[in-house]
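Next comes protein24.txt, a file with compact mmCIF, C-alpha atoms.
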```
# COMPACT_ATOMS: atom_id res chain seq x y z
CA VAL A 1 26.08 -51.47 58.66
CA THR A 2 26.03 -53.40 61.97
CA PRO A 3 26.28 -52.34 65.61
CA LYS A 4 29.82 -53.77 65.59
CA GLY A 5 30.90 -51.77 62.51
CA ASP A 6 30.62 -51.86 58.74
CA ILE A 7 31.13 -54.91 56.57
CA VAL A 8 31.87 -54.27 52.90
CA ILE A 9 31.19 -57.12 50.51
CA ARG A 10 32.38 -57.00 46.91
CA VAL A 11 29.90 -58.99 44.83
CA HIS A 12 31.34 -60.58 41.69
CA PRO A 13 28.65 -61.26 39.05
CA ALA A 14 31.16 -63.31 37.03
CA TRP A 15 31.42 -65.79 39.90
CA ALA A 16 27.67 -66.30 40.35
CA PRO A 17 25.50 -64.16 38.04
CA LEU A 18 22.14 -65.37 39.33
CA GLY A 19 23.17 -64.99 42.97
CA ALA A 20 24.69 -61.56 42.36
CA ALA A 21 21.50 -60.36 40.66
CA ARG A 22 19.37 -61.62 43.57
CA VAL A 23 21.55 -59.87 46.18
CA LYS A 24 21.31 -56.63 44.20
CA GLU A 25 17.53 -56.96 43.93
CA LEU A 26 17.07 -57.68 47.65
CA THR A 27 19.48 -54.96 48.74
CA GLU A 28 17.77 -52.36 46.57
CA ILE A 29 14.36 -53.05 48.16
CA GLY A 30 15.79 -52.99 51.70
CA PHE A 31 15.17 -56.69 52.37
CA TYR A 32 18.34 -57.12 54.44
CA ASN A 33 17.72 -54.06 56.65
CA ASP A 34 17.12 -55.16 60.25
CA CYS A 35 17.97 -58.80 59.45
CA ALA A 36 19.62 -60.85 62.17
CA PHE A 37 22.75 -62.92 62.02
CA PHE A 38 20.51 -65.75 63.26
CA ARG A 39 22.93 -68.64 62.78
CA VAL A 40 26.52 -68.06 63.79
CA VAL A 41 28.64 -71.16 64.13
CA ASN A 42 32.11 -70.13 65.26
CA GLY A 43 34.77 -71.45 62.93
CA PHE A 44 32.17 -72.12 60.23
CA VAL A 45 29.62 -69.47 59.11
CA ALA A 46 27.69 -66.33 60.05
CA GLN A 47 24.28 -66.60 58.37
CA PHE A 48 21.63 -63.94 57.71
CA GLY A 49 18.83 -63.23 55.28
CA MET A 50 15.52 -63.99 56.95
CA ASN A 51 13.53 -60.77 56.95
CA GLY A 52 12.28 -59.85 60.42
CA ASP A 53 8.77 -59.06 59.14
CA PRO A 54 6.99 -62.40 58.59
CA LYS A 55 4.85 -60.94 55.78
CA ILE A 56 7.88 -59.75 53.83
CA HIS A 57 9.79 -62.95 54.50
CA ALA A 58 6.85 -65.05 53.25
CA LYS A 59 6.86 -63.21 49.91
CA TRP A 60 10.47 -64.23 49.29
CA ALA A 61 10.98 -67.51 51.15
CA ASP A 62 10.09 -69.67 48.16
CA ALA A 63 11.28 -67.28 45.44
CA ASN A 64 14.12 -69.62 44.59
CA ILE A 65 16.78 -69.04 42.00
CA ASP A 66 18.69 -71.65 40.05
CA ASP A 67 22.14 -72.63 41.21
CA ASP A 68 25.25 -70.99 39.84
CA PRO A 69 28.20 -73.26 39.12
CA VAL A 70 30.95 -73.17 41.75
CA VAL A 71 33.83 -71.20 40.24
CA GLN A 72 35.30 -69.86 43.50
CA SER A 73 35.95 -71.67 46.75
CA ASN A 74 34.29 -71.07 50.11
CA LEU A 75 37.29 -69.46 51.73
CA ALA A 76 37.24 -67.39 54.91
CA GLY A 77 35.44 -64.12 54.23
CA TYR A 78 33.66 -65.36 51.10
CA VAL A 79 29.88 -64.85 50.91
CA THR A 80 27.59 -67.60 49.66
CA PHE A 81 23.87 -68.33 49.38
CA ALA A 82 22.50 -70.89 51.79
CA SER A 83 20.20 -73.55 50.38
CA GLN A 84 18.04 -76.41 51.55
CA MET A 85 20.71 -78.86 50.35
CA ARG A 86 18.72 -79.46 47.15
CA PRO A 87 19.31 -77.90 43.73
CA GLY A 88 17.41 -74.69 43.03
CA THR A 89 16.61 -73.79 46.66
CA ARG A 90 18.53 -70.54 47.06
CA SER A 91 16.26 -67.62 47.91
CA THR A 92 17.37 -64.92 50.40
CA GLN A 93 19.70 -66.42 52.99
CA LEU A 94 23.43 -65.81 52.78
CA PHE A 95 26.37 -66.76 54.92
CA ILE A 96 29.85 -65.42 55.41
CA ASN A 97 32.42 -68.18 55.69
CA LEU A 98 34.31 -67.79 58.97
CA ALA A 99 36.96 -70.32 57.91
CA ASP A 100 38.15 -72.14 54.83
CA ASN A 101 35.08 -74.29 54.15
CA SER A 102 36.06 -75.23 50.62
CA ARG A 103 36.50 -78.94 51.36
CA SER A 104 33.02 -79.29 52.83
CA LEU A 105 30.98 -76.83 50.75
CA ASP A 106 32.41 -76.52 47.23
CA SER A 107 31.52 -80.07 46.21
CA LYS A 108 27.97 -79.58 47.53
CA GLY A 109 27.30 -76.76 45.05
CA PHE A 110 27.69 -73.72 47.32
CA ALA A 111 28.83 -70.99 44.91
CA PRO A 112 30.32 -67.85 46.49
CA ILE A 113 28.91 -64.61 45.12
CA GLY A 114 31.54 -62.31 46.61
CA LYS A 115 33.85 -61.67 49.49
CA VAL A 116 34.31 -59.35 52.43
CA VAL A 117 36.84 -56.70 51.39
CA GLU A 118 36.53 -54.51 54.50
CA GLY A 119 35.33 -55.40 57.97
CA LEU A 120 36.36 -59.04 58.29
CA ASP A 121 37.37 -58.10 61.85
CA VAL A 122 33.74 -56.94 62.33
CA VAL A 123 32.42 -60.26 61.04
CA LYS A 124 34.55 -62.04 63.62
CA LYS A 125 32.90 -59.95 66.37
CA ILE A 126 29.35 -61.02 65.45
CA ASN A 127 27.80 -62.73 68.44
CA GLY A 128 28.12 -66.50 68.05
CA ARG A 129 26.81 -67.35 71.51
CA TYR A 130 23.48 -68.65 70.21
CA GLY A 131 24.98 -70.89 67.52
CA GLU A 132 22.23 -72.77 65.75
CA GLY A 133 19.75 -72.18 68.60
CA PRO A 134 17.23 -69.88 66.90
CA ASP A 135 14.33 -71.80 65.36
CA GLN A 136 13.94 -70.80 61.70
CA ASP A 137 10.22 -71.65 61.75
CA GLN A 138 9.75 -69.17 64.61
CA ILE A 139 11.69 -66.54 62.67
CA LYS A 140 9.43 -67.17 59.64
CA HIS A 141 6.21 -66.86 61.64
CA VAL A 142 7.05 -64.40 64.42
CA GLY A 143 10.06 -62.58 63.00
CA ASN A 144 12.35 -60.27 64.89
CA ALA A 145 10.02 -60.16 67.88
CA TYR A 146 10.89 -63.83 68.53
CA LEU A 147 14.60 -63.18 68.09
CA ARG A 148 14.75 -60.06 70.25
CA GLU A 149 12.78 -61.70 73.05
CA ASN A 150 14.70 -64.97 73.13
CA PHE A 151 18.16 -63.91 71.92
CA PRO A 152 18.63 -60.38 73.29
CA ASP A 153 22.31 -60.12 72.37
CA MET A 154 21.91 -61.20 68.76
CA ASP A 155 23.52 -58.94 66.16
CA PHE A 156 21.44 -57.40 63.38
CA ILE A 157 22.21 -55.66 60.12
CA LYS A 158 21.10 -52.06 60.56
CA GLU A 159 21.21 -51.26 56.85
CA ALA A 160 22.42 -52.94 53.67
CA LYS A 161 23.08 -50.74 50.66
CA ILE A 162 24.86 -50.78 47.35
CA GLU A 163 27.80 -48.46 47.48
CA ASN A 164 28.57 -48.52 43.77
CA ASP A 165 27.30 -50.47 40.83
CA ASN A 166 29.00 -51.10 37.52
CA THR A 167 29.27 -53.89 35.03
CA THR A 168 32.38 -55.57 36.45
CA GLU A 169 31.68 -55.69 40.16
CA ARG A 170 29.25 -54.60 42.81
CA LYS A 171 30.27 -53.44 46.22
CA SER A 172 27.62 -53.84 48.90
CA ILE A 173 27.78 -52.73 52.47
CA VAL A 174 26.13 -55.04 54.97
```
If you convert what's in this file into structure tokens, what do you get?
Amino acid sequence: VTPKGDIVIRVHPAWAPLGAARVKELTEIGFYNDCAFFRVVNGFVAQFGMNGDPKIHAKWADANIDDDPVVQSNLAGYVTFASQMRPGTRSTQLFINLADNSRSLDSKGFAPIGKVVEGLDVVKKINGRYGEGPDQDQIKHVGNAYLRENFPDMDFIKEAKIENDNTTERKSIV
């Protein structure tokens, strides 16, 4: 749930079982609630997943999971874990592909975990004015206070929840 509307993401465990399990775990504990879309690069990605409370973020920042093999491409609307461009560095940050990024991301090991099935128009309305301007170290140490003070028009996830859960697919609302 965002101020611009709802975004529904269908998570596919068959595509990326480790990533899907992590998203479920983080969503269930409310980790993504009040998280900012802190890196929005128009025509590329809308990234989120740094908790606005530095204490909570610190607990998860280095809780990395192994990489899933890439079995789907990074097409527009597909959701993928960000990493530190090294194997085994996925933790909490996700991005929604705003374009077909398959040529640049698939070969680098970015495995989509799901795709936006409702609200892609909402994703396209997320404020991209700040681009890559927010400093991730400041987000880690100061949290949402830093973002709200320096980037007053930034969009945040109000609430992330699992709408249904079964063995074949998971549908999460962001």
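In this model, the gap between atom CA of A:Asn64 and atom CA of A:Leu26 comes to 12.7 Å.
Atom CA of A:Lys140 is positioned 26.9 Å from atom CA of A:Asn74.
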Q: Work out how far apart atom CA of A:Arg148 and atom CA of A:Lys59 are and give it in Å to one decimal.
A: 22.0 Å
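When the distance limit is 6 Å and all atoms listed in the file are what count, the residues near A:Gly77, minus those fewer than 3 positions from it on the same chain, are Ile96, Asn97, Lys115 and Val116 of chain A.
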(Q) With distances taken over only C-alpha atoms, which residue among A:Glu163, A:Glu132, A:Asp121, A:Asp153 lies nearest A:Phe48? (A) A:Glu132
